$ cat my_file_7.pdb   # PDB, C-alpha atoms
ATOM      1  CA  MET Z  29      81.400  88.179 106.339  1.00  0.00           C
ATOM      2  CA  THR Z  30      81.471  84.561 107.367  1.00  0.00           C
ATOM      3  CA  GLU Z  31      82.964  82.948 104.270  1.00  0.00           C
ATOM      4  CA  TYR Z  32      86.721  83.217 103.859  1.00  0.00           C
ATOM      5  CA  LYS Z  33      88.664  82.198 100.815  1.00  0.00           C
ATOM      6  CA  TYR Z  34      92.063  83.515 101.804  1.00  0.00           C
ATOM      7  CA  SER Z  35      94.284  83.292 104.841  1.00  0.00           C
ATOM      8  CA  ASN Z  36      95.286  86.471 106.661  1.00  0.00           C
ATOM      9  CA  ILE Z  37      98.576  84.947 107.875  1.00  0.00           C
ATOM     10  CA  THR Z  38     101.495  86.089 105.753  1.00  0.00           C
ATOM     11  CA  LYS Z  39     104.999  84.715 105.304  1.00  0.00           C
ATOM     12  CA  TYR Z  40     106.183  87.564 107.534  1.00  0.00           C
ATOM     13  CA  ASP Z  41     103.880  86.295 110.283  1.00  0.00           C
ATOM     14  CA  PHE Z  42     105.288  82.775 109.965  1.00  0.00           C
ATOM     15  CA  ASN Z  43     108.789  84.219 110.421  1.00  0.00           C
ATOM     16  CA  TRP Z  44     107.609  85.495 113.829  1.00  0.00           C
ATOM     17  CA  ILE Z  45     106.736  81.930 114.852  1.00  0.00           C
ATOM     18  CA  LYS Z  46     109.933  80.546 113.333  1.00  0.00           C
ATOM     19  CA  ILE Z  47     112.092  82.996 115.312  1.00  0.00           C
ATOM     20  CA  MET Z  48     110.272  82.120 118.532  1.00  0.00           C
ATOM     21  CA  LEU Z  49     110.703  78.363 118.082  1.00  0.00           C
ATOM     22  CA  LEU Z  50     114.350  78.500 116.966  1.00  0.00           C
ATOM     23  CA  SER Z  51     115.331  80.934 119.732  1.00  0.00           C
ATOM     24  CA  THR Z  52     113.638  78.835 122.401  1.00  0.00           C
ATOM     25  CA  LEU Z  53     115.333  75.705 121.065  1.00  0.00           C
ATOM     26  CA  GLY Z  54     118.663  77.529 121.074  1.00  0.00           C
ATOM     27  CA  ILE Z  55     118.326  78.626 124.697  1.00  0.00           C
ATOM     28  CA  ILE Z  56     117.342  75.128 125.788  1.00  0.00           C
ATOM     29  CA  SER Z  57     120.300  73.647 123.883  1.00  0.00           C
ATOM     30  CA  VAL Z  58     122.784  76.082 125.436  1.00  0.00           C
ATOM     31  CA  ASP Z  59     121.364  75.485 128.908  1.00  0.00           C
ATOM     32  CA  LEU Z  60     121.569  71.700 128.423  1.00  0.00           C
ATOM     33  CA  GLY Z  61     125.119  71.969 127.085  1.00  0.00           C
ATOM     34  CA  LEU Z  62     126.243  73.972 130.094  1.00  0.00           C
ATOM     35  CA  LYS Z  63     124.626  71.484 132.461  1.00  0.00           C
ATOM     36  CA  ILE Z  64     126.482  68.618 130.742  1.00  0.00           C
ATOM     37  CA  TYR Z  65     129.720  70.601 130.954  1.00  0.00           C
ATOM     38  CA  GLU Z  66     129.240  71.116 134.700  1.00  0.00           C
ATOM     39  CA  SER Z  67     128.528  67.420 135.253  1.00  0.00           C
ATOM     40  CA  PHE Z  68     131.888  66.454 133.692  1.00  0.00           C
ATOM     41  CA  PHE Z  69     134.179  69.368 134.497  1.00  0.00           C
ATOM     42  CA  GLY Z  70     132.686  70.942 137.603  1.00  0.00           C
ATOM     43  CA  ASP Z  71     131.009  74.291 138.192  1.00  0.00           C
ATOM     44  CA  PHE Z  72     131.077  76.721 135.297  1.00  0.00           C
ATOM     45  CA  GLN Z  73     132.691  80.119 135.798  1.00  0.00           C
ATOM     46  CA  TRP Z  74     129.339  81.901 135.510  1.00  0.00           C
ATOM     47  CA  ASN Z  75     125.969  81.033 137.025  1.00  0.00           C
ATOM     48  CA  VAL Z  76     124.286  78.891 134.360  1.00  0.00           C
ATOM     49  CA  ASP Z  77     120.756  79.618 135.588  1.00  0.00           C
ATOM     50  CA  ASN Z  78     121.321  83.363 135.383  1.00  0.00           C
ATOM     51  CA  ILE Z  79     122.522  83.028 131.785  1.00  0.00           C
ATOM     52  CA  SER Z  80     119.367  81.111 130.821  1.00  0.00           C
ATOM     53  CA  VAL Z  81     117.075  83.574 132.589  1.00  0.00           C
ATOM     54  CA  LEU Z  82     118.797  86.550 130.932  1.00  0.00           C
ATOM     55  CA  ALA Z  83     118.475  84.911 127.506  1.00  0.00           C
ATOM     56  CA  MET Z  84     114.775  84.236 128.077  1.00  0.00           C
ATOM     57  CA  ILE Z  85     114.175  87.847 129.139  1.00  0.00           C
ATOM     58  CA  VAL Z  86     115.846  89.107 125.959  1.00  0.00           C
ATOM     59  CA  LEU Z  87     113.834  86.667 123.832  1.00  0.00           C
ATOM     60  CA  VAL Z  88     110.491  87.500 125.458  1.00  0.00           C
ATOM     61  CA  SER Z  89     111.153  91.260 125.175  1.00  0.00           C
ATOM     62  CA  TYR Z  90     112.005  90.954 121.488  1.00  0.00           C
ATOM     63  CA  LEU Z  91     109.066  88.716 120.672  1.00  0.00           C
ATOM     64  CA  SER Z  92     106.676  90.986 122.577  1.00  0.00           C
ATOM     65  CA  TYR Z  93     107.687  93.928 120.411  1.00  0.00           C
ATOM     66  CA  TYR Z  94     107.738  91.857 117.207  1.00  0.00           C
ATOM     67  CA  GLY Z  95     104.448  90.156 118.032  1.00  0.00           C
ATOM     68  CA  VAL Z  96     102.586  93.449 118.527  1.00  0.00           C
ATOM     69  CA  ASN Z  97     103.605  94.466 115.017  1.00  0.00           C
ATOM     70  CA  GLN Z  98     102.293  91.132 113.779  1.00  0.00           C
ATOM     71  CA  SER Z  99      98.904  91.513 115.473  1.00  0.00           C
ATOM     72  CA  LYS Z 100      97.056  89.394 112.921  1.00  0.00           C
ATOM     73  CA  VAL Z 101      98.690  86.337 114.449  1.00  0.00           C
ATOM     74  CA  LEU Z 102      97.478  87.304 117.920  1.00  0.00           C
ATOM     75  CA  LEU Z 103      94.004  88.704 117.185  1.00  0.00           C
ATOM     76  CA  PRO Z 104      90.910  86.737 116.144  1.00  0.00           C
ATOM     77  CA  SER Z 105      90.315  86.594 112.405  1.00  0.00           C
ATOM     78  CA  PHE Z 106      86.799  88.113 112.549  1.00  0.00           C
ATOM     79  CA  LEU Z 107      88.372  91.537 113.163  1.00  0.00           C
ATOM     80  CA  PHE Z 108      89.802  91.338 109.669  1.00  0.00           C
ATOM     81  CA  ASN Z 109      86.765  89.942 107.926  1.00  0.00           C
ATOM     82  CA  ASN Z 110      86.641  92.810 105.467  1.00  0.00           C
ATOM     83  CA  GLU Z 111      90.266  92.538 104.545  1.00  0.00           C
ATOM     84  CA  VAL Z 112      90.670  88.963 103.572  1.00  0.00           C
ATOM     85  CA  GLU Z 113      90.546  89.485  99.845  1.00  0.00           C
ATOM     86  CA  PRO Z 114      94.091  90.040  98.521  1.00  0.00           C
ATOM     87  CA  LYS Z 115      95.177  93.508  97.514  1.00  0.00           C
ATOM     88  CA  ILE Z 116      95.460  94.262  93.853  1.00  0.00           C
ATOM     89  CA  ASN Z 117      98.970  94.222  92.470  1.00  0.00           C
ATOM     90  CA  LYS Z 118      98.930  96.866  89.766  1.00  0.00           C
ATOM     91  CA  LYS Z 119     102.255  95.638  88.392  1.00  0.00           C
ATOM     92  CA  ASN Z 120     100.608  92.302  87.581  1.00  0.00           C
ATOM     93  CA  LYS Z 121      97.526  93.843  86.060  1.00  0.00           C
ATOM     94  CA  LYS Z 122      96.875  92.174  82.716  1.00  0.00           C
ATOM     95  CA  ILE Z 123      96.383  94.001  79.441  1.00  0.00           C
ATOM     96  CA  LEU Z 124      92.835  93.129  78.448  1.00  0.00           C
ATOM     97  CA  SER Z 125      91.822  92.128  74.950  1.00  0.00           C
ATOM     98  CA  SER Z 126      88.897  93.896  73.305  1.00  0.00           C
ATOM     99  CA  GLU Z 127      86.763  90.770  73.787  1.00  0.00           C
ATOM    100  CA  LYS Z 128      87.606  90.615  77.474  1.00  0.00           C
ATOM    101  CA  LYS Z 129      86.895  94.327  77.905  1.00  0.00           C
ATOM    102  CA  GLU Z 130      83.498  93.860  76.303  1.00  0.00           C
ATOM    103  CA  GLU Z 131      82.761  90.880  78.553  1.00  0.00           C
ATOM    104  CA  PHE Z 132      83.829  92.817  81.674  1.00  0.00           C
ATOM    105  CA  GLU Z 133      81.860  95.907  80.640  1.00  0.00           C
ATOM    106  CA  ASN Z 134      78.754  93.773  80.268  1.00  0.00           C
ATOM    107  CA  LEU Z 135      79.329  92.217  83.680  1.00  0.00           C
ATOM    108  CA  LYS Z 136      79.895  95.647  85.229  1.00  0.00           C
ATOM    109  CA  ASN Z 137      76.573  96.887  83.866  1.00  0.00           C
ATOM    110  CA  ARG Z 138      74.825  93.817  85.284  1.00  0.00           C
ATOM    111  CA  ILE Z 139      76.396  94.445  88.689  1.00  0.00           C
ATOM    112  CA  GLU Z 140      75.188  98.045  88.688  1.00  0.00           C
ATOM    113  CA  LEU Z 141      71.668  96.916  87.781  1.00  0.00           C
ATOM    114  CA  ILE Z 142      71.582  94.181  90.440  1.00  0.00           C
ATOM    115  CA  ILE Z 143      72.909  96.537  93.108  1.00  0.00           C
ATOM    116  CA  LYS Z 144      70.353  99.209  92.188  1.00  0.00           C
ATOM    117  CA  THR Z 145      67.337  96.916  92.020  1.00  0.00           C
ATOM    118  CA  LYS Z 146      68.047  94.211  94.624  1.00  0.00           C
ATOM    119  CA  GLN Z 147      70.522  95.944  96.970  1.00  0.00           C
ATOM    120  CA  PRO Z 148      72.404  92.725  97.800  1.00  0.00           C
ATOM    121  CA  TYR Z 149      74.918  94.663  99.907  1.00  0.00           C
ATOM    122  CA  LEU Z 150      72.286  94.918 102.646  1.00  0.00           C
ATOM    123  CA  ASP Z 151      72.769  91.200 103.266  1.00  0.00           C
ATOM    124  CA  GLU Z 152      75.351  90.945 106.038  1.00  0.00           C
ATOM    125  CA  ASP Z 153      76.304  87.463 104.848  1.00  0.00           C
ATOM    126  CA  LEU Z 154      76.818  88.439 101.217  1.00  0.00           C
ATOM    127  CA  THR Z 155      79.847  86.741  99.650  1.00  0.00           C
ATOM    128  CA  LEU Z 156      81.583  86.853  96.306  1.00  0.00           C
ATOM    129  CA  GLY Z 157      79.965  83.520  95.459  1.00  0.00           C
ATOM    130  CA  LYS Z 158      76.449  84.734  96.303  1.00  0.00           C
ATOM    131  CA  LEU Z 159      76.858  87.862  94.192  1.00  0.00           C
ATOM    132  CA  ALA Z 160      78.208  85.766  91.310  1.00  0.00           C
ATOM    133  CA  GLU Z 161      75.094  83.567  91.482  1.00  0.00           C
ATOM    134  CA  LEU Z 162      72.863  86.636  91.231  1.00  0.00           C
ATOM    135  CA  LEU Z 163      74.804  87.660  88.136  1.00  0.00           C
ATOM    136  CA  SER Z 164      74.717  84.153  86.623  1.00  0.00           C
ATOM    137  CA  THR Z 165      78.499  84.052  86.448  1.00  0.00           C
ATOM    138  CA  THR Z 166      81.328  82.405  88.363  1.00  0.00           C
ATOM    139  CA  ASP Z 167      83.121  83.866  91.362  1.00  0.00           C
ATOM    140  CA  LYS Z 168      86.428  83.666  89.434  1.00  0.00           C
ATOM    141  CA  LYS Z 169      85.096  85.751  86.539  1.00  0.00           C
ATOM    142  CA  LEU Z 170      83.528  88.251  88.919  1.00  0.00           C
ATOM    143  CA  SER Z 171      86.716  88.587  90.950  1.00  0.00           C
ATOM    144  CA  ALA Z 172      88.812  88.988  87.783  1.00  0.00           C
ATOM    145  CA  MET Z 173      86.504  91.724  86.484  1.00  0.00           C
ATOM    146  CA  LEU Z 174      86.617  93.638  89.762  1.00  0.00           C
ATOM    147  CA  ASN Z 175      90.400  93.373  90.062  1.00  0.00           C
ATOM    148  CA  GLN Z 176      91.434  93.863  86.446  1.00  0.00           C
ATOM    149  CA  TYR Z 177      88.683  96.107  85.086  1.00  0.00           C
ATOM    150  CA  LEU Z 178      87.367  98.140  88.014  1.00  0.00           C
ATOM    151  CA  ASN Z 179      90.637  98.107  89.979  1.00  0.00           C
ATOM    152  CA  THR Z 180      88.832  97.188  93.205  1.00  0.00           C
ATOM    153  CA  THR Z 181      87.926  94.156  95.298  1.00  0.00           C
ATOM    154  CA  PHE Z 182      84.623  92.551  96.201  1.00  0.00           C
ATOM    155  CA  TYR Z 183      84.707  93.807  99.782  1.00  0.00           C
ATOM    156  CA  ASP Z 184      85.762  97.330  98.839  1.00  0.00           C
ATOM    157  CA  LEU Z 185      82.921  97.540  96.325  1.00  0.00           C
ATOM    158  CA  ILE Z 186      80.265  96.198  98.690  1.00  0.00           C
ATOM    159  CA  ASN Z 187      81.449  98.277 101.641  1.00  0.00           C
ATOM    160  CA  LYS Z 188      81.335 101.412  99.513  1.00  0.00           C
ATOM    161  CA  TYR Z 189      77.631 100.840  98.857  1.00  0.00           C
ATOM    162  CA  ARG Z 190      77.029 100.004 102.518  1.00  0.00           C
ATOM    163  CA  VAL Z 191      78.610 103.266 103.625  1.00  0.00           C
ATOM    164  CA  GLU Z 192      76.464 105.194 101.133  1.00  0.00           C
ATOM    165  CA  ALA Z 193      73.377 103.439 102.511  1.00  0.00           C
ATOM    166  CA  VAL Z 194      74.329 104.445 106.063  1.00  0.00           C
ATOM    167  CA  LYS Z 195      74.832 108.058 104.975  1.00  0.00           C
ATOM    168  CA  GLU Z 196      71.366 108.093 103.396  1.00  0.00           C
ATOM    169  CA  LYS Z 197      69.636 106.608 106.432  1.00  0.00           C
ATOM    170  CA  ILE Z 198      71.290 108.666 109.187  1.00  0.00           C
ATOM    171  CA  ASN Z 199      68.854 111.595 108.957  1.00  0.00           C
ATOM    172  CA  LEU Z 200      65.741 109.721 107.860  1.00  0.00           C
ATOM    173  CA  ASP Z 201      62.782 109.924 110.241  1.00  0.00           C
ATOM    174  CA  ASN Z 202      62.397 106.140 110.153  1.00  0.00           C
ATOM    175  CA  TYR Z 203      65.810 105.758 111.775  1.00  0.00           C
ATOM    176  CA  LYS Z 204      65.688 108.477 114.437  1.00  0.00           C
ATOM    177  CA  ASN Z 205      65.412 105.861 117.183  1.00  0.00           C
ATOM    178  CA  TYR Z 206      68.402 103.889 115.863  1.00  0.00           C
ATOM    179  CA  ASN Z 207      71.933 104.414 117.080  1.00  0.00           C
ATOM    180  CA  LEU Z 208      74.690 104.547 114.478  1.00  0.00           C
ATOM    181  CA  PHE Z 209      75.628 100.892 114.753  1.00  0.00           C
ATOM    182  CA  GLY Z 210      71.960  99.938 114.533  1.00  0.00           C
ATOM    183  CA  ILE Z 211      71.779 101.778 111.206  1.00  0.00           C
ATOM    184  CA  ALA Z 212      75.024 100.093 110.126  1.00  0.00           C
ATOM    185  CA  CYS Z 213      73.516  96.672 110.828  1.00  0.00           C
ATOM    186  CA  GLU Z 214      70.532  97.571 108.663  1.00  0.00           C
ATOM    187  CA  CYS Z 215      72.997  98.362 105.877  1.00  0.00           C
ATOM    188  CA  GLY Z 216      74.890  95.072 106.008  1.00  0.00           C
ATOM    189  CA  PHE Z 217      77.637  95.637 108.579  1.00  0.00           C
ATOM    190  CA  LYS Z 218      78.154  93.004 111.289  1.00  0.00           C
ATOM    191  CA  SER Z 219      81.055  94.403 113.326  1.00  0.00           C
ATOM    192  CA  ARG Z 220      81.128  97.796 115.041  1.00  0.00           C
ATOM    193  CA  THR Z 221      84.919  97.881 114.684  1.00  0.00           C
ATOM    194  CA  SER Z 222      84.937  97.227 110.957  1.00  0.00           C
ATOM    195  CA  PHE Z 223      82.017  99.636 110.435  1.00  0.00           C
ATOM    196  CA  ASN Z 224      83.854 102.517 112.127  1.00  0.00           C
ATOM    197  CA  ARG Z 225      87.079 101.778 110.256  1.00  0.00           C
ATOM    198  CA  ILE Z 226      85.469 101.393 106.830  1.00  0.00           C
ATOM    199  CA  PHE Z 227      83.215 104.428 107.247  1.00  0.00           C
ATOM    200  CA  LYS Z 228      86.198 106.642 108.097  1.00  0.00           C
ATOM    201  CA  LYS Z 229      88.179 105.197 105.187  1.00  0.00           C
ATOM    202  CA  GLU Z 230      85.374 106.051 102.738  1.00  0.00           C
ATOM    203  CA  THR Z 231      84.349 109.464 104.116  1.00  0.00           C
ATOM    204  CA  GLY Z 232      87.287 110.779 106.112  1.00  0.00           C
ATOM    205  CA  PHE Z 233      85.001 111.088 109.158  1.00  0.00           C
ATOM    206  CA  SER Z 234      84.044 108.797 111.999  1.00  0.00           C
ATOM    207  CA  PRO Z 235      80.300 107.938 111.879  1.00  0.00           C
ATOM    208  CA  SER Z 236      79.540 110.212 114.855  1.00  0.00           C
ATOM    209  CA  ASP Z 237      81.509 113.129 113.398  1.00  0.00           C
ATOM    210  CA  PHE Z 238      79.784 112.698 110.064  1.00  0.00           C
ATOM    211  CA  LYS Z 239      76.354 112.762 111.719  1.00  0.00           C
ATOM    212  CA  LYS Z 240      77.275 115.960 113.575  1.00  0.00           C
ATOM    213  CA  SER Z 241      78.501 117.589 110.360  1.00  0.00           C
ATOM    214  CA  ILE Z 242      75.148 117.114 108.597  1.00  0.00           C
ATOM    215  CA  SER Z 243      72.854 117.770 111.563  1.00  0.00           C
TER
END

$ encode --input "my_file_7.pdb" --output "structure tokens"
Amino acid sequence: MTEYKYSNITKYDFNWIKIMLLSTLGIISVDLGLKIYESFFGDFQWNVDNISVLAMIVLVSYLSYYGVNQSKVLLPSFLFNNEVEPKINKKNKKILSSEKKEEFENLKNRIELIIKTKQPYLDEDLTLGKLAELLSTTDKKLSAMLNQYLNTTFYDLINKYRVEAVKEKINLDNYKNYNLFGIACECGFKSRTSFNRIFKKETGFSPSDFKKSIS
């Protein structure tokens, strides 16, 4: 997906940057303080340069470990393009009124009809806004219905249908000359990495293992 509405950088990720900046500033300050001390009182008891180098080694080692665990700061955002919609917080799930339930049920039925007749999930550039336009509703109402009524997200819903489309096409004669990613592209996927990850999440198998199991 090319349209993003949410950032994938969390407060925890910003702490990683904060620690790096404050630690670097601290080392520089200590090193500068020791240099000033030496200029007024003579050589320090320990080698100042060695202290600074040791501190930098400790900092770099720590940040290397911490940074790997915060890979979303280091990796390009397109690798997470199917994860940008926020997770549903069940604790904050609202109790729906009967009127709202009726409205959401109607919208759900329209989604099922649109998906069955027009197969919008095959569009690799499909967004929440585009689907809302097809349903003659707003993206906010559509997102609220998916989160509060169907307990899912836009991307989870669309990717579920894309995976089902891949499963249907794998053994069709028309797709015998396609490799697995070629079939995935026909079903709306843009990234091989996200396709493999999402397919395994939905089926429990990698695409190649699934193909072997039904051959």

$ closest_residue --input "my_file_7.pdb" --among "Z:Thr231, Z:Ser243, Z:Ala160, Z:Cys213" --to "Arg138 of chain Z" --atoms "all atoms listed in the file"
Z:Ala160

$ residues_near_point --input "my_file_7.pdb" --point "(82.5, 96.9, 97.3)" --cutoff "12 Å" --atoms "only C-alpha atoms" --output "ChimeraX atom specification"
/Z:110-111,113,139-140,143,148-150,154-156,159,171,174-175,178-192,216,226,230

$ atom_distance --input "my_file_7.pdb" --atom1 "atom CA of Phe132 of chain Z" --atom2 "atom CA of Lys146 of chain Z"
20.5 Å

$ resolve_selection --input "my_file_7.pdb" --expression "the PyMOL selection byres ((chain Z and resi 165) around 12)" --output "PyMOL selection string"
chain Z and resi 131-132+134-136+138-139+156-164+166-173

$ residues_near_point --input "my_file_7.pdb" --point "(82.7, 103.1, 111.8)" --cutoff "10 Å" --atoms "all atoms listed in the file" --output "PyMOL selection string"
chain Z and resi 191+208-209+212+217+219-230+233-236

$ atom_distance --input "my_file_7.pdb" --atom1 "atom CA of Tyr177 of chain Z" --atom2 "atom CA of Ile142 of chain Z"
18.0 Å

$ resolve_selection --input "my_file_7.pdb" --expression "the PyMOL selection byres ((chain Z and resi 197) around 12)" --output "ChimeraX atom specification"
/Z:190-196,198-215,239

$ atom_distance --input "my_file_7.pdb" --atom1 "atom CA of Gly54 of chain Z" --atom2 "atom CA of Leu82 of chain Z"
13.4 Å
